[in-house]
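Visitor: Let me begin by handing over the structure; questions about it come next.
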Amino acid sequence: MEMVIVAPPAPGKLEDLRRRFFATPLQAILSLISLTIMVYLAWKLLNWAVFSAVFTTTGGPEACQAAAGACWSVIAARWRIILFGLYPYEEQWRSALACVSVVVMTVLSCIPAFWTGRRIALVWGIGTALFYVLMKGGVLGLPYVGEETWGGLALTLFIFVTTCLIGFPLSICLALLRRSELPWISRTTGLIIDAVRSLPLISILFTFAIVLPFAMPQWLVGDKLYRVIVGSALFFSAYQAEIVRGGMQGVPTGQEEAAMALGMSYWQRISRILLPQAMRNALPATINQFVISFKETSLVVIVGFFEILASGNAAYGTGEWRFAYVEVYAFIAFIYFVFVFSLSRYGAFLERRMSVGER
Amino acid sequence: MIRLLRNQKVRNALLQVLYVGTLAGLVLACALIARRNLAEQGITSGFDFLFKSTGWDVTFSLLPVTANDPYWWYFLIGIINTLFLGSIGLILATIVGTIVGLARTSSNELAQLLGRTYVDIFRNIPLILQVFFWYAVITHLPTPRAAHEAWGFLLTSRGLYMPVPNVSGTALSGAILALIAAAAIPVWLGRTARLSRPVGERSGVQFAGAVAALACVAVFLALGRQPDAPLLDFPALQGLNLRGGLRIPPEFSALAIAIAIYGGSYIAEIVRGGFKAVGKGQTEAALSLGLSPWRVFTLVRLPLALRAMLPILANQYVWLMKATTMGIAVGFADFFMIVALTINHSGQTIEAIGILMAGFLTINLSLAAIFNRINKAIALKGNQLRG
């Protein structure tokens with residue numbers, strides 16, 4: 001007898017919808033509640049941000065205040081302050097270009113072809129140098145602009161990049177010192193790492209910015225900006241060191257023993273065998289740490305820097321735009337969101353990709 | 001000499017001495033320089049300043065305080081403020097996180113989408129920006145004259161005013177403790193009597209316990225009540241200001257809201273991870289035993305998920321406690337702000353930083369210890385309940 005296998009009839013569009021969202025009464029209620037919340041919020045938000053919003057500066061603050069929706073004119077009028085802070089007006093293109101160079105650098109270091117120690121160091125070295133030259137000037141016919149006028153997005157990015165640049169190598173050193181076989185070295189390093197991790201970042205920034213000048217010889221004090229960067233790099237490296245150490249623990253001990261049996265020296269074992277595998281293990285957590293530290297650069301506003309949050313406060317804080325605080329914060333939040341969200345999405349993508357390789 | 005250096009043991013010892021010695025030397029040098037610099041400004045080091053009066057005010061305090069109080073009292077107030085804000089933020093963040101996390105793990109795709117949008121938005125905006133935002137929103141509310149009013153609550157630019165019972169402070173705290181007991185006693189009785197009593201009798205005992213605790217609440221309120229005053233003290237407009245009721249200052253509510261929303265988005269992810277860690281086989285086995293979906297959730301999935309998420313949750317709580325230091329951004333007198341003000345006013349830099357480190361170390365370690373105890377107490381014995 002011939003068997004005929006017939007597939008069950010494919011559910012229609014409506015039937016499919018019913019099964020997905022209205023299978024049981026509870027499901028139906030849940031769906032309806034979620035849908036109501038979503039539609040309500042989406043409508044409110046769209047209405048506020050687009051339909052009844054004012055986009056041009058022609059009417060001035062008065063026309064804006066009269067409108068029911070968002071007042072995007074404050075951004076149109078003040079975007080230069082928010083993005084560039086007190087940087088000289090004619091030179092602000094340099095600040096913009098510097099931000100672009102940091103973004104390009106970050107994108108490049110997300111491409112696997114650049115994931116060798118030398119290439120990544122080269123990309124970050126060139127990117128940061130370019131940023132620094134563009135911002136500070138004084139060479140190549142660019143007028144000199146001191147650090148005290150840096151501000152806005154450029155300052156945020158500068159603090160983030162230099163924190164990573166100092167903190168990352170430092171974290172590898174700390175992780176290596178912590179797993180040292182010499183008990184006093186590993187214990188002391190462990191103590192330092194744990195002490196830094198148990199403190200809030202603000203207190204470390206405060207100590208480096210305001211307290212440390214008392215405890216240093218005059219010739220070492222330097223600019224407040226660089227002290228804060230060192231403090232935030234120390235904080236970053238304490239957390240990152242634990243991530244690197246976790247990655248190292250994931251490398252089978254046989255790897256290092258085999259390298260030892262082949263007669264490799266300590267540095268060869270570390271740089272050729274241990275670190276490449278450990279960094280691979282630690283990659284998702286590392287990207288997460290970068291994301292966190294980018295968000296945390298915003299804390300320097302407390303020790304008195306004019307980074308993007310402070311420049312935003314200044315943008316609405318003066319006179320005529322006093323009412324438009326929501327729009328300014330929404331704009332800054334959007335900038336942070338773009339950076340942080342794309343970085344964390346990239347991290348999630350990487351995690352998926354790497355877990356595919358392990359299966 | 002060179003032969004001595006070739007000796008592995010000697011070299012190791014030398015390396016360690018060098019490393020520890022350099023670090024200790026650095027710290028010592030910093031301390032000495034700081035002492036000399038401070039001495040030049042006429043500040044003597046030592047902890048004597050703790051007993052001098054401060055001469056400045058704090059904006060928020062749960063305990064009575066005047067500018068004549070000594071520094072140690074201020075530090076205590078700071079720690080209590082930090083713990084108070086931290087625990088309120090922690091509770092709110094846990095509630096928000098649980099709701100959003102459950103939405104993310106539910107089988108309903110619309111609820112999932114809603115939860116995911118929430119997490120994606122609020123996790124990716126720095127906490128301090130959210131604190132500034134809520135602070136700006138609250139301080140831009142109408143003045144007391146034009147306040148929003150609902151059920152005796154008043155929303156104004158000077159803070160949230162709410163009605164409070166007209167009873168003395170000690171009686172009120174006693175009543176609150178009894179109220180917590182009323183909620184906790186049935187759970188506790190249920191636990192201890194779980195196997196020894198039949199179900200019906202057990203709930204009777206629980207009910208009696210809860211009623212007894214609630215009776216204590218009533219007794220406390222009656223004893224502490226101020227004579228000739230209505231039971232509830234409502235805030236009311238008097239001249240340009242509001243009188244009566246309890247005022248929650250804008251700094252506090254802005255911080256609590258921001259911590260609840262931001263922390264909630266992190267806790268939602270932890271909750272989701274916890275439920276994901278529960279093996280599918282567990283749910284299927286429970287369903288095939290004929291348990292209703294609700295009982296599968298409360299008896300099987302929730303207890304297992306709770307155990308999976310607790311260690312990560314503990315880390316998150318420690319982080320939230322540290323996040324209260326954002327208070328300085330809006331002027332909330334938390335522990336760190338008190339330390340910063342102390343440094344500004346008294347110049348006792350090294351001592352104040354030492355107190356700050358000791359304080360946070362104590363808070364972090366005790367939180368970690370509490371969670372380790374809970375973790376040990378509820379850990380499953382053996383490893384048969386996997387997958």
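Convention: chains lettered A, B, ... in structure tokens order; per-chain residue numbering from 1; ligands numbered from 1 as shown.
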For chain A, report every residue with an atom at most 8 Å from chain B (counting only C-alpha atoms), formatted as an MDAnalysis selection string.

Guide: chainID A and resid 20:21 27 30:31 34:35 38 182 184:185 188 195 198:200 202:203 207 211 214:217 295:296 298:299 302 309 325:326 329 333 336:337 340:341

Visitor: When distances are computed from only C-alpha atoms, which of B:Leu320, B:Ala286, B:Val217, B:Val100 shows the smallest separation from B:Ser265?

Guide: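 Counting only C-alpha atoms, the residue closest to B:Ser265 is B:Val100.
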
Visitor: Quick one: residues within 10 Å of stretch 236-249 of chain A, only C-alpha atoms, excluding same-chain residues fewer than 3 positions away - as a ChimeraX atom specification?

Guide: /A:163-164,166-179,189-190,192-197,201,230-233,252-253,274-286,289-290,292-293,296

Visitor: Report, in Å to a single decimal, how far apart atom CA of B:Glu351 and atom CA of B:Tyr71 are.

Guide: 11.8 Å

Visitor: According to DSSP computed on the backbone, where in stretch 129-349 of chain A is there helix (DSSP H, G or I)? Give the residues as a ChimeraX atom specification.

Guide: /A:129-136,147-149,152-178,183-198,201-215,218-220,224-249,253-261,266-303,308-317,319-321,325-349

Visitor: Near A:Val54, within 8 Å and counting only C-alpha atoms, which residues show up once chain neighbours fewer than 3 positions away are dropped, as a list in words?

Guide: Cys64, Ala67, Gly69, Ala70, Cys71, Trp72 and Ser73 of chain A

Visitor: Figure out the distance between atom CA of B:Ile270 and atom CA of B:Asn375, please, to one decimal in Å.

Guide: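 Taking atom CA of B:Asn375 and atom CA of B:Ile270, their separation equals 15.7 Å.
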
Visitor: Could you tell me how far atom CA of A:Gly152 lies from atom CA of A:Ile82, in Å and to one decimal?

Guide: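 We find that atom CA of A:Gly152 and atom CA of A:Ile82 lie 5.4 Å from each other.
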
Visitor: With distances taken over only C-alpha atoms, which residue among A:Leu220, A:Leu155, A:Ile210, A:Val123 lies nearest A:Cys110?

Guide: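 Comparing A:Leu220, A:Leu155, A:Ile210, A:Val123 against A:Cys110, the winner is A:Val123.
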